[in-house]
>>> print(open('protein.cif').read())   # mmCIF, N, CA and C atoms
data_run
#
loop_
_atom_site.label_atom_id
_atom_site.label_comp_id
_atom_site.auth_asym_id
_atom_site.auth_seq_id
_atom_site.Cartn_x
_atom_site.Cartn_y
_atom_site.Cartn_z
N MET F 1 0.83 -1.18 0.00
CA MET F 1 0.00 0.00 0.00
C MET F 1 0.88 1.24 0.00
N MET F 2 0.50 2.19 -0.83
CA MET F 2 1.29 3.42 -0.93
C MET F 2 0.80 4.45 0.09
N ILE F 3 1.59 5.48 0.25
CA ILE F 3 1.27 6.53 1.23
C ILE F 3 -0.03 7.26 0.86
N ILE F 4 -0.29 7.43 -0.44
CA ILE F 4 -1.51 8.12 -0.87
C ILE F 4 -2.74 7.30 -0.47
N ASP F 5 -2.65 5.99 -0.53
CA ASP F 5 -3.76 5.15 -0.10
C ASP F 5 -4.03 5.31 1.40
N TRP F 6 -2.97 5.41 2.19
CA TRP F 6 -3.13 5.62 3.62
C TRP F 6 -3.78 6.97 3.90
N ILE F 7 -3.33 8.00 3.22
CA ILE F 7 -3.90 9.34 3.41
C ILE F 7 -5.37 9.35 2.99
N SER F 8 -5.66 8.67 1.88
CA SER F 8 -7.04 8.57 1.42
C SER F 8 -7.92 7.87 2.45
N ASP F 9 -7.43 6.77 2.99
CA ASP F 9 -8.19 6.03 3.99
C ASP F 9 -8.42 6.87 5.26
N ILE F 10 -7.39 7.61 5.67
CA ILE F 10 -7.52 8.47 6.85
C ILE F 10 -8.56 9.56 6.61
N CYS F 11 -8.52 10.18 5.43
CA CYS F 11 -9.50 11.22 5.10
C CYS F 11 -10.92 10.66 5.09
N LEU F 12 -11.09 9.49 4.49
CA LEU F 12 -12.42 8.87 4.45
C LEU F 12 -12.91 8.50 5.85
N LEU F 13 -12.01 7.97 6.67
CA LEU F 13 -12.38 7.60 8.03
C LEU F 13 -12.75 8.82 8.86
N LEU F 14 -11.92 9.87 8.81
CA LEU F 14 -12.22 11.08 9.56
C LEU F 14 -13.51 11.74 9.07
N GLY F 15 -13.73 11.74 7.76
CA GLY F 15 -14.97 12.29 7.21
C GLY F 15 -16.20 11.54 7.69
N GLY F 16 -16.10 10.21 7.75
CA GLY F 16 -17.20 9.41 8.26
C GLY F 16 -17.47 9.66 9.73
N ILE F 17 -16.39 9.77 10.53
CA ILE F 17 -16.54 10.03 11.96
C ILE F 17 -17.18 11.40 12.19
N LEU F 18 -16.73 12.42 11.44
CA LEU F 18 -17.32 13.75 11.59
C LEU F 18 -18.77 13.78 11.16
N THR F 19 -19.13 13.00 10.14
CA THR F 19 -20.52 12.94 9.72
C THR F 19 -21.39 12.34 10.82
N LEU F 20 -20.91 11.29 11.46
CA LEU F 20 -21.65 10.70 12.58
C LEU F 20 -21.75 11.66 13.76
N THR F 21 -20.69 12.41 14.01
CA THR F 21 -20.70 13.39 15.08
C THR F 21 -21.75 14.47 14.81
N GLY F 22 -21.84 14.92 13.57
CA GLY F 22 -22.85 15.91 13.21
C GLY F 22 -24.26 15.36 13.35
N ALA F 23 -24.45 14.09 13.01
CA ALA F 23 -25.77 13.47 13.15
C ALA F 23 -26.17 13.37 14.62
N VAL F 24 -25.23 13.02 15.47
CA VAL F 24 -25.52 12.96 16.91
C VAL F 24 -25.84 14.36 17.43
N GLY F 25 -25.12 15.36 16.95
CA GLY F 25 -25.40 16.74 17.35
C GLY F 25 -26.79 17.18 16.94
N LEU F 26 -27.22 16.79 15.76
CA LEU F 26 -28.57 17.13 15.32
C LEU F 26 -29.64 16.50 16.20
N LEU F 27 -29.36 15.30 16.69
CA LEU F 27 -30.34 14.61 17.53
C LEU F 27 -30.32 15.10 18.98
N ARG F 28 -29.16 15.46 19.48
CA ARG F 28 -29.02 15.71 20.91
C ARG F 28 -29.10 17.17 21.33
N LEU F 29 -28.77 18.10 20.45
CA LEU F 29 -28.71 19.50 20.86
C LEU F 29 -30.12 20.09 20.98
N PRO F 30 -30.28 21.10 21.85
CA PRO F 30 -31.63 21.52 22.24
C PRO F 30 -32.40 22.40 21.26
N ASP F 31 -31.77 23.37 20.63
CA ASP F 31 -32.56 24.30 19.82
C ASP F 31 -32.02 24.41 18.40
N PHE F 32 -32.70 25.21 17.61
CA PHE F 32 -32.39 25.34 16.19
C PHE F 32 -30.97 25.82 15.94
N PHE F 33 -30.53 26.81 16.69
CA PHE F 33 -29.23 27.42 16.43
C PHE F 33 -28.07 26.46 16.73
N THR F 34 -28.16 25.73 17.83
CA THR F 34 -27.08 24.79 18.15
C THR F 34 -27.09 23.61 17.18
N ARG F 35 -28.27 23.18 16.78
CA ARG F 35 -28.35 22.10 15.79
C ARG F 35 -27.77 22.54 14.45
N LEU F 36 -28.09 23.76 14.06
CA LEU F 36 -27.56 24.28 12.80
C LEU F 36 -26.04 24.42 12.86
N HIS F 37 -25.53 24.82 14.01
CA HIS F 37 -24.08 24.92 14.18
C HIS F 37 -23.42 23.56 14.03
N ALA F 38 -23.98 22.56 14.68
CA ALA F 38 -23.41 21.21 14.59
C ALA F 38 -23.46 20.70 13.15
N ALA F 39 -24.55 20.94 12.48
CA ALA F 39 -24.70 20.46 11.11
C ALA F 39 -23.75 21.18 10.16
N SER F 40 -23.65 22.49 10.28
CA SER F 40 -22.86 23.25 9.31
C SER F 40 -21.37 23.01 9.46
N VAL F 41 -20.90 22.97 10.69
CA VAL F 41 -19.45 22.77 10.90
C VAL F 41 -19.04 21.37 10.45
N THR F 42 -19.80 20.38 10.89
CA THR F 42 -19.41 19.02 10.52
C THR F 42 -19.66 18.74 9.04
N GLU F 43 -20.71 19.34 8.48
CA GLU F 43 -20.98 19.11 7.07
C GLU F 43 -19.85 19.65 6.19
N THR F 44 -19.42 20.84 6.50
CA THR F 44 -18.37 21.45 5.68
C THR F 44 -17.07 20.65 5.76
N LEU F 45 -16.62 20.36 6.96
CA LEU F 45 -15.35 19.65 7.11
C LEU F 45 -15.46 18.19 6.70
N ALA F 46 -16.55 17.52 7.08
CA ALA F 46 -16.69 16.10 6.76
C ALA F 46 -16.81 15.89 5.26
N ALA F 47 -17.61 16.71 4.60
CA ALA F 47 -17.77 16.56 3.16
C ALA F 47 -16.45 16.82 2.44
N MET F 48 -15.69 17.81 2.90
CA MET F 48 -14.40 18.08 2.27
C MET F 48 -13.45 16.90 2.45
N LEU F 49 -13.40 16.34 3.65
CA LEU F 49 -12.52 15.20 3.88
C LEU F 49 -12.93 13.99 3.04
N LEU F 50 -14.22 13.75 2.95
CA LEU F 50 -14.69 12.62 2.13
C LEU F 50 -14.33 12.82 0.65
N ILE F 51 -14.52 14.03 0.16
CA ILE F 51 -14.21 14.29 -1.25
C ILE F 51 -12.71 14.21 -1.50
N ILE F 52 -11.91 14.73 -0.58
CA ILE F 52 -10.45 14.63 -0.73
C ILE F 52 -10.03 13.16 -0.71
N GLY F 53 -10.63 12.38 0.16
CA GLY F 53 -10.33 10.94 0.19
C GLY F 53 -10.68 10.26 -1.12
N ILE F 54 -11.81 10.63 -1.72
CA ILE F 54 -12.20 10.06 -3.01
C ILE F 54 -11.23 10.49 -4.11
N ILE F 55 -10.83 11.76 -4.08
CA ILE F 55 -9.88 12.25 -5.09
C ILE F 55 -8.57 11.48 -5.00
N LEU F 56 -8.06 11.30 -3.79
CA LEU F 56 -6.79 10.59 -3.63
C LEU F 56 -6.93 9.11 -3.99
N ASP F 57 -8.10 8.55 -3.76
CA ASP F 57 -8.31 7.14 -4.04
C ASP F 57 -8.45 6.86 -5.54
N THR F 58 -9.11 7.75 -6.26
CA THR F 58 -9.35 7.53 -7.69
C THR F 58 -8.22 8.03 -8.57
N GLY F 59 -7.38 8.88 -8.06
CA GLY F 59 -6.31 9.44 -8.89
C GLY F 59 -6.73 10.78 -9.45
N PHE F 60 -5.79 11.47 -10.07
CA PHE F 60 -6.06 12.80 -10.57
C PHE F 60 -6.51 12.72 -12.02
N THR F 61 -7.84 12.88 -12.21
CA THR F 61 -8.45 12.83 -13.53
C THR F 61 -9.36 14.05 -13.69
N LEU F 62 -10.13 14.06 -14.76
CA LEU F 62 -11.09 15.13 -14.96
C LEU F 62 -12.16 15.11 -13.87
N ASP F 63 -12.51 13.93 -13.44
CA ASP F 63 -13.47 13.82 -12.33
C ASP F 63 -12.91 14.44 -11.05
N SER F 64 -11.63 14.32 -10.81
CA SER F 64 -11.00 14.92 -9.64
C SER F 64 -11.07 16.44 -9.71
N ALA F 65 -10.90 16.98 -10.92
CA ALA F 65 -11.01 18.44 -11.09
C ALA F 65 -12.43 18.90 -10.78
N LYS F 66 -13.42 18.13 -11.19
CA LYS F 66 -14.81 18.47 -10.88
C LYS F 66 -15.07 18.40 -9.37
N LEU F 67 -14.48 17.41 -8.72
CA LEU F 67 -14.64 17.30 -7.27
C LEU F 67 -13.95 18.45 -6.54
N MET F 68 -12.81 18.91 -7.06
CA MET F 68 -12.14 20.07 -6.46
C MET F 68 -12.99 21.33 -6.62
N LEU F 69 -13.66 21.46 -7.76
CA LEU F 69 -14.58 22.58 -7.96
C LEU F 69 -15.74 22.49 -6.98
N LEU F 70 -16.22 21.29 -6.74
CA LEU F 70 -17.28 21.09 -5.76
C LEU F 70 -16.84 21.49 -4.36
N ILE F 71 -15.61 21.18 -3.99
CA ILE F 71 -15.07 21.60 -2.69
C ILE F 71 -15.04 23.12 -2.60
N LEU F 72 -14.60 23.78 -3.65
CA LEU F 72 -14.55 25.24 -3.66
C LEU F 72 -15.94 25.84 -3.48
N ILE F 73 -16.92 25.29 -4.17
CA ILE F 73 -18.29 25.78 -4.04
C ILE F 73 -18.80 25.56 -2.62
N MET F 74 -18.49 24.41 -2.04
CA MET F 74 -18.93 24.11 -0.68
C MET F 74 -18.29 25.04 0.35
N ILE F 75 -17.03 25.38 0.16
CA ILE F 75 -16.34 26.28 1.08
C ILE F 75 -17.02 27.64 1.10
N ILE F 76 -17.51 28.08 -0.05
CA ILE F 76 -18.17 29.38 -0.14
C ILE F 76 -19.64 29.28 0.28
N ALA F 77 -20.34 28.26 -0.18
CA ALA F 77 -21.80 28.20 -0.02
C ALA F 77 -22.24 27.78 1.38
N ASN F 78 -21.59 26.81 1.99
CA ASN F 78 -22.08 26.29 3.28
C ASN F 78 -22.13 27.35 4.38
N PRO F 79 -21.07 28.12 4.62
CA PRO F 79 -21.18 29.16 5.65
C PRO F 79 -22.20 30.24 5.30
N THR F 80 -22.30 30.55 4.01
CA THR F 80 -23.25 31.58 3.58
C THR F 80 -24.69 31.12 3.82
N ILE F 81 -24.98 29.89 3.47
CA ILE F 81 -26.32 29.35 3.67
C ILE F 81 -26.65 29.24 5.16
N THR F 82 -25.69 28.82 5.96
CA THR F 82 -25.90 28.72 7.40
C THR F 82 -26.19 30.10 8.00
N HIS F 83 -25.44 31.09 7.57
CA HIS F 83 -25.66 32.46 8.05
C HIS F 83 -27.05 32.96 7.65
N ALA F 84 -27.46 32.68 6.42
CA ALA F 84 -28.78 33.11 5.96
C ALA F 84 -29.90 32.43 6.76
N LEU F 85 -29.73 31.15 7.06
CA LEU F 85 -30.73 30.44 7.86
C LEU F 85 -30.82 31.02 9.27
N CYS F 86 -29.68 31.31 9.87
CA CYS F 86 -29.69 31.89 11.23
C CYS F 86 -30.33 33.27 11.23
N ARG F 87 -30.02 34.08 10.24
CA ARG F 87 -30.63 35.42 10.16
C ARG F 87 -32.13 35.32 9.97
N ALA F 88 -32.57 34.40 9.10
CA ALA F 88 -34.00 34.23 8.86
C ALA F 88 -34.71 33.77 10.14
N ALA F 89 -34.09 32.86 10.88
CA ALA F 89 -34.69 32.39 12.13
C ALA F 89 -34.74 33.52 13.16
N ALA F 90 -33.68 34.30 13.25
CA ALA F 90 -33.66 35.41 14.21
C ALA F 90 -34.68 36.48 13.83
N ASN F 91 -34.80 36.78 12.56
CA ASN F 91 -35.78 37.76 12.12
C ASN F 91 -37.21 37.25 12.26
N GLY F 92 -37.37 35.94 12.25
CA GLY F 92 -38.68 35.34 12.43
C GLY F 92 -39.10 35.24 13.88
N GLY F 93 -38.25 35.67 14.80
CA GLY F 93 -38.61 35.67 16.21
C GLY F 93 -38.05 34.51 17.00
N ASN F 94 -37.29 33.63 16.38
CA ASN F 94 -36.68 32.51 17.09
C ASN F 94 -35.41 33.01 17.75
N THR F 95 -35.32 32.86 19.07
CA THR F 95 -34.13 33.31 19.78
C THR F 95 -33.41 32.10 20.36
N PRO F 96 -32.10 32.16 20.45
CA PRO F 96 -31.36 31.03 21.01
C PRO F 96 -31.65 30.86 22.50
N GLU F 97 -31.69 29.60 22.94
CA GLU F 97 -31.85 29.32 24.36
C GLU F 97 -30.51 29.48 25.04
N MET F 98 -30.52 30.15 26.17
CA MET F 98 -29.29 30.33 26.92
C MET F 98 -29.52 29.91 28.36
N GLU F 99 -28.49 29.41 28.99
CA GLU F 99 -28.62 28.93 30.37
C GLU F 99 -28.95 30.07 31.33
N THR F 100 -28.35 31.21 31.12
CA THR F 100 -28.56 32.33 32.03
C THR F 100 -29.67 33.26 31.55
N GLY F 101 -30.37 32.87 30.52
CA GLY F 101 -31.41 33.72 29.95
C GLY F 101 -30.89 34.44 28.73
N ASN F 102 -31.77 35.04 28.01
CA ASN F 102 -31.38 35.76 26.81
C ASN F 102 -30.89 37.15 27.19
N PRO F 103 -29.61 37.46 26.93
CA PRO F 103 -29.08 38.76 27.35
C PRO F 103 -29.76 39.92 26.64
N LEU F 104 -30.28 39.70 25.44
CA LEU F 104 -30.97 40.79 24.75
C LEU F 104 -32.26 41.14 25.46
N GLN F 105 -33.01 40.14 25.91
CA GLN F 105 -34.25 40.40 26.61
C GLN F 105 -33.98 41.00 27.98
N SER F 106 -33.00 40.49 28.70
CA SER F 106 -32.75 40.99 30.05
C SER F 106 -32.25 42.43 30.00
N SER F 107 -31.45 42.80 29.01
CA SER F 107 -30.98 44.18 28.92
C SER F 107 -32.10 45.11 28.53
N SER F 108 -33.00 44.67 27.64
CA SER F 108 -34.12 45.54 27.26
C SER F 108 -35.09 45.67 28.42
N GLN F 109 -35.28 44.59 29.21
CA GLN F 109 -36.15 44.69 30.37
C GLN F 109 -35.53 45.61 31.41
N THR F 110 -34.23 45.57 31.57
CA THR F 110 -33.54 46.44 32.51
C THR F 110 -33.69 47.89 32.09
N VAL F 111 -33.54 48.14 30.79
CA VAL F 111 -33.67 49.50 30.28
C VAL F 111 -35.09 50.01 30.48
N SER F 112 -36.10 49.16 30.17
CA SER F 112 -37.48 49.61 30.35
C SER F 112 -37.81 49.82 31.82
N GLN F 113 -37.30 48.95 32.70
CA GLN F 113 -37.52 49.12 34.14
C GLN F 113 -36.85 50.39 34.63
N SER F 114 -35.65 50.67 34.14
CA SER F 114 -34.92 51.86 34.54
C SER F 114 -35.66 53.11 34.07
N SER F 115 -36.19 53.10 32.85
CA SER F 115 -36.92 54.27 32.36
C SER F 115 -38.22 54.46 33.12
N GLN F 116 -38.88 53.36 33.55
CA GLN F 116 -40.09 53.49 34.36
C GLN F 116 -39.76 54.08 35.72
N ASP F 117 -38.65 53.65 36.31
CA ASP F 117 -38.23 54.19 37.61
C ASP F 117 -37.95 55.69 37.49
N LYS F 118 -37.30 56.11 36.42
CA LYS F 118 -37.00 57.53 36.22
C LYS F 118 -38.29 58.32 36.05
N GLN F 119 -39.27 57.74 35.35
CA GLN F 119 -40.53 58.43 35.13
C GLN F 119 -41.27 58.61 36.46
N VAL F 120 -41.31 57.57 37.29
CA VAL F 120 -41.96 57.65 38.59
C VAL F 120 -41.24 58.68 39.46
N GLN F 121 -39.91 58.67 39.41
CA GLN F 121 -39.13 59.61 40.21
C GLN F 121 -39.43 61.04 39.76
N THR F 122 -39.51 61.27 38.47
CA THR F 122 -39.80 62.60 37.96
C THR F 122 -41.19 63.05 38.37
N GLU F 123 -42.20 62.18 38.29
CA GLU F 123 -43.55 62.52 38.70
C GLU F 123 -43.60 62.82 40.20
N THR F 124 -42.82 62.09 40.98
CA THR F 124 -42.78 62.33 42.43
C THR F 124 -42.17 63.68 42.72
N GLU F 125 -41.12 64.04 42.02
CA GLU F 125 -40.49 65.34 42.23
C GLU F 125 -41.42 66.48 41.86
N ILE F 126 -42.21 66.29 40.81
CA ILE F 126 -43.12 67.33 40.35
C ILE F 126 -44.29 67.51 41.32
N SER F 127 -44.93 66.40 41.65
CA SER F 127 -46.14 66.47 42.47
C SER F 127 -45.85 66.51 43.97
N GLY F 128 -44.72 66.00 44.36
CA GLY F 128 -44.38 65.97 45.77
C GLY F 128 -45.08 64.84 46.50
N LYS F 129 -45.77 63.97 45.78
CA LYS F 129 -46.47 62.85 46.39
C LYS F 129 -45.84 61.54 45.95
N GLU F 130 -45.94 60.56 46.81
CA GLU F 130 -45.47 59.22 46.46
C GLU F 130 -46.49 58.54 45.57
N PRO F 131 -46.05 57.75 44.56
CA PRO F 131 -47.01 57.05 43.70
C PRO F 131 -47.69 55.95 44.47
N LYS F 132 -48.92 55.64 44.07
CA LYS F 132 -49.68 54.58 44.73
C LYS F 132 -49.32 53.22 44.24
#
>>> encode(input="protein.cif", output="structure tokens")
Amino acid sequence: MMIIDWISDICLLLGGILTLTGAVGLLRLPDFFTRLHAASVTETLAAMLLIIGIILDTGFTLDSAKLMLLILIMIIANPTITHALCRAAANGGNTPEMETGNPLQSSSQTVSQSSQDKQVQTETEISGKEPK
């Protein structure tokens, strides 16, 4: 066995392992954003490793050039598509789940609470009476 065969086998094996890891992530992670992250990262790297393994296994032919073009398209398209999906979900009202709560909601609630406190304080200063 030549060194190229070993490299091809390693690429195919790592690509398969990463694909399984992404599948487990899709099943186990809690919300849309974490699942999309698991899918996009593993899809991009796993697919590239699998295609590189196929290129090394089959030799350098016209088909290999087509597969290299496919890798180039995937490098550009996968992150772009993932970003578009996340933006669409965020604009649609889907927010990521966080252990400590959503910092965007807590900061906006803090700001609204602070502005309400200032308004009550201003009314108290004007009228000289405590609010009920």
>>> atom_distance(input="protein.cif", atom1="atom N of Thr44 in chain F", atom2="atom N of Thr80 in chain F")
10.4 Å
>>> residues_near_point(input="protein.cif", point="(-12.1, 13.3, 0.9)", cutoff="9 Å", atoms="only C-alpha atoms", output="mmCIF file with N, CA and C atoms, in the coordinates of the input")
data_model
loop_
_atom_site.group_PDB
_atom_site.id
_atom_site.type_symbol
_atom_site.label_atom_id
_atom_site.label_comp_id
_atom_site.auth_asym_id
_atom_site.auth_seq_id
_atom_site.Cartn_x
_atom_site.Cartn_y
_atom_site.Cartn_z
ATOM 1 N N SER F 8 -5.660 8.670 1.880
ATOM 2 C CA SER F 8 -7.040 8.570 1.420
ATOM 3 C C SER F 8 -7.920 7.870 2.450
ATOM 4 N N ASP F 9 -7.430 6.770 2.990
ATOM 5 C CA ASP F 9 -8.190 6.030 3.990
ATOM 6 C C ASP F 9 -8.420 6.870 5.260
ATOM 7 N N ILE F 10 -7.390 7.610 5.670
ATOM 8 C CA ILE F 10 -7.520 8.470 6.850
ATOM 9 C C ILE F 10 -8.560 9.560 6.610
ATOM 10 N N CYS F 11 -8.520 10.180 5.430
ATOM 11 C CA CYS F 11 -9.500 11.220 5.100
ATOM 12 C C CYS F 11 -10.920 10.660 5.090
ATOM 13 N N LEU F 12 -11.090 9.490 4.490
ATOM 14 C CA LEU F 12 -12.420 8.870 4.450
ATOM 15 C C LEU F 12 -12.910 8.500 5.850
ATOM 16 N N LEU F 14 -11.920 9.870 8.810
ATOM 17 C CA LEU F 14 -12.220 11.080 9.560
ATOM 18 C C LEU F 14 -13.510 11.740 9.070
ATOM 19 N N GLY F 15 -13.730 11.740 7.760
ATOM 20 C CA GLY F 15 -14.970 12.290 7.210
ATOM 21 C C GLY F 15 -16.200 11.540 7.690
ATOM 22 N N ALA F 46 -16.550 17.520 7.080
ATOM 23 C CA ALA F 46 -16.690 16.100 6.760
ATOM 24 C C ALA F 46 -16.810 15.890 5.260
ATOM 25 N N ALA F 47 -17.610 16.710 4.600
ATOM 26 C CA ALA F 47 -17.770 16.560 3.160
ATOM 27 C C ALA F 47 -16.450 16.820 2.440
ATOM 28 N N MET F 48 -15.690 17.810 2.900
ATOM 29 C CA MET F 48 -14.400 18.080 2.270
ATOM 30 C C MET F 48 -13.450 16.900 2.450
ATOM 31 N N LEU F 49 -13.400 16.340 3.650
ATOM 32 C CA LEU F 49 -12.520 15.200 3.880
ATOM 33 C C LEU F 49 -12.930 13.990 3.040
ATOM 34 N N LEU F 50 -14.220 13.750 2.950
ATOM 35 C CA LEU F 50 -14.690 12.620 2.130
ATOM 36 C C LEU F 50 -14.330 12.820 0.650
ATOM 37 N N ILE F 51 -14.520 14.030 0.160
ATOM 38 C CA ILE F 51 -14.210 14.290 -1.250
ATOM 39 C C ILE F 51 -12.710 14.210 -1.500
ATOM 40 N N ILE F 52 -11.910 14.730 -0.580
ATOM 41 C CA ILE F 52 -10.450 14.630 -0.730
ATOM 42 C C ILE F 52 -10.030 13.160 -0.710
ATOM 43 N N GLY F 53 -10.630 12.380 0.160
ATOM 44 C CA GLY F 53 -10.330 10.940 0.190
ATOM 45 C C GLY F 53 -10.680 10.260 -1.120
ATOM 46 N N ILE F 54 -11.810 10.630 -1.720
ATOM 47 C CA ILE F 54 -12.200 10.060 -3.010
ATOM 48 C C ILE F 54 -11.230 10.490 -4.110
ATOM 49 N N ILE F 55 -10.830 11.760 -4.080
ATOM 50 C CA ILE F 55 -9.880 12.250 -5.090
ATOM 51 C C ILE F 55 -8.570 11.480 -5.000
ATOM 52 N N LEU F 56 -8.060 11.300 -3.790
ATOM 53 C CA LEU F 56 -6.790 10.590 -3.630
ATOM 54 C C LEU F 56 -6.930 9.110 -3.990
ATOM 55 N N ASP F 57 -8.100 8.550 -3.760
ATOM 56 C CA ASP F 57 -8.310 7.140 -4.040
ATOM 57 C C ASP F 57 -8.450 6.860 -5.540
#
>>> closest_residue(input="protein.cif", among="F:Leu62, F:Asp5, F:Leu13, F:Pro79", to="Ala39 in chain F", atoms="only C-alpha atoms")
F:Pro79
>>> axis_aligned_box(input="protein.cif", around="range 30-42 of chain F", padding_each_side="4 Å", output="AutoDock Vina command-line options")
--center_x -25.9 --center_y 23.1 --center_z 15.6 --size_x 21.7 --size_y 16.7 --size_z 21.2
>>> atom_distance(input="protein.cif", atom1="CA of Thr21 in chain F", atom2="atom N of Ser40 in chain F")
10.7 Å
>>> resolve_selection(input="protein.cif", expression="the PyMOL selection byres ((chain F and resi 82-95) around 8)", output="PyMOL selection string")
chain F and resi 31-33+36-37+40+77-81+96-98+102
>>> atom_distance(input="protein.cif", atom1="CA of Ile71 in chain F", atom2="atom N of Arg35 in chain F")
23.6 Å
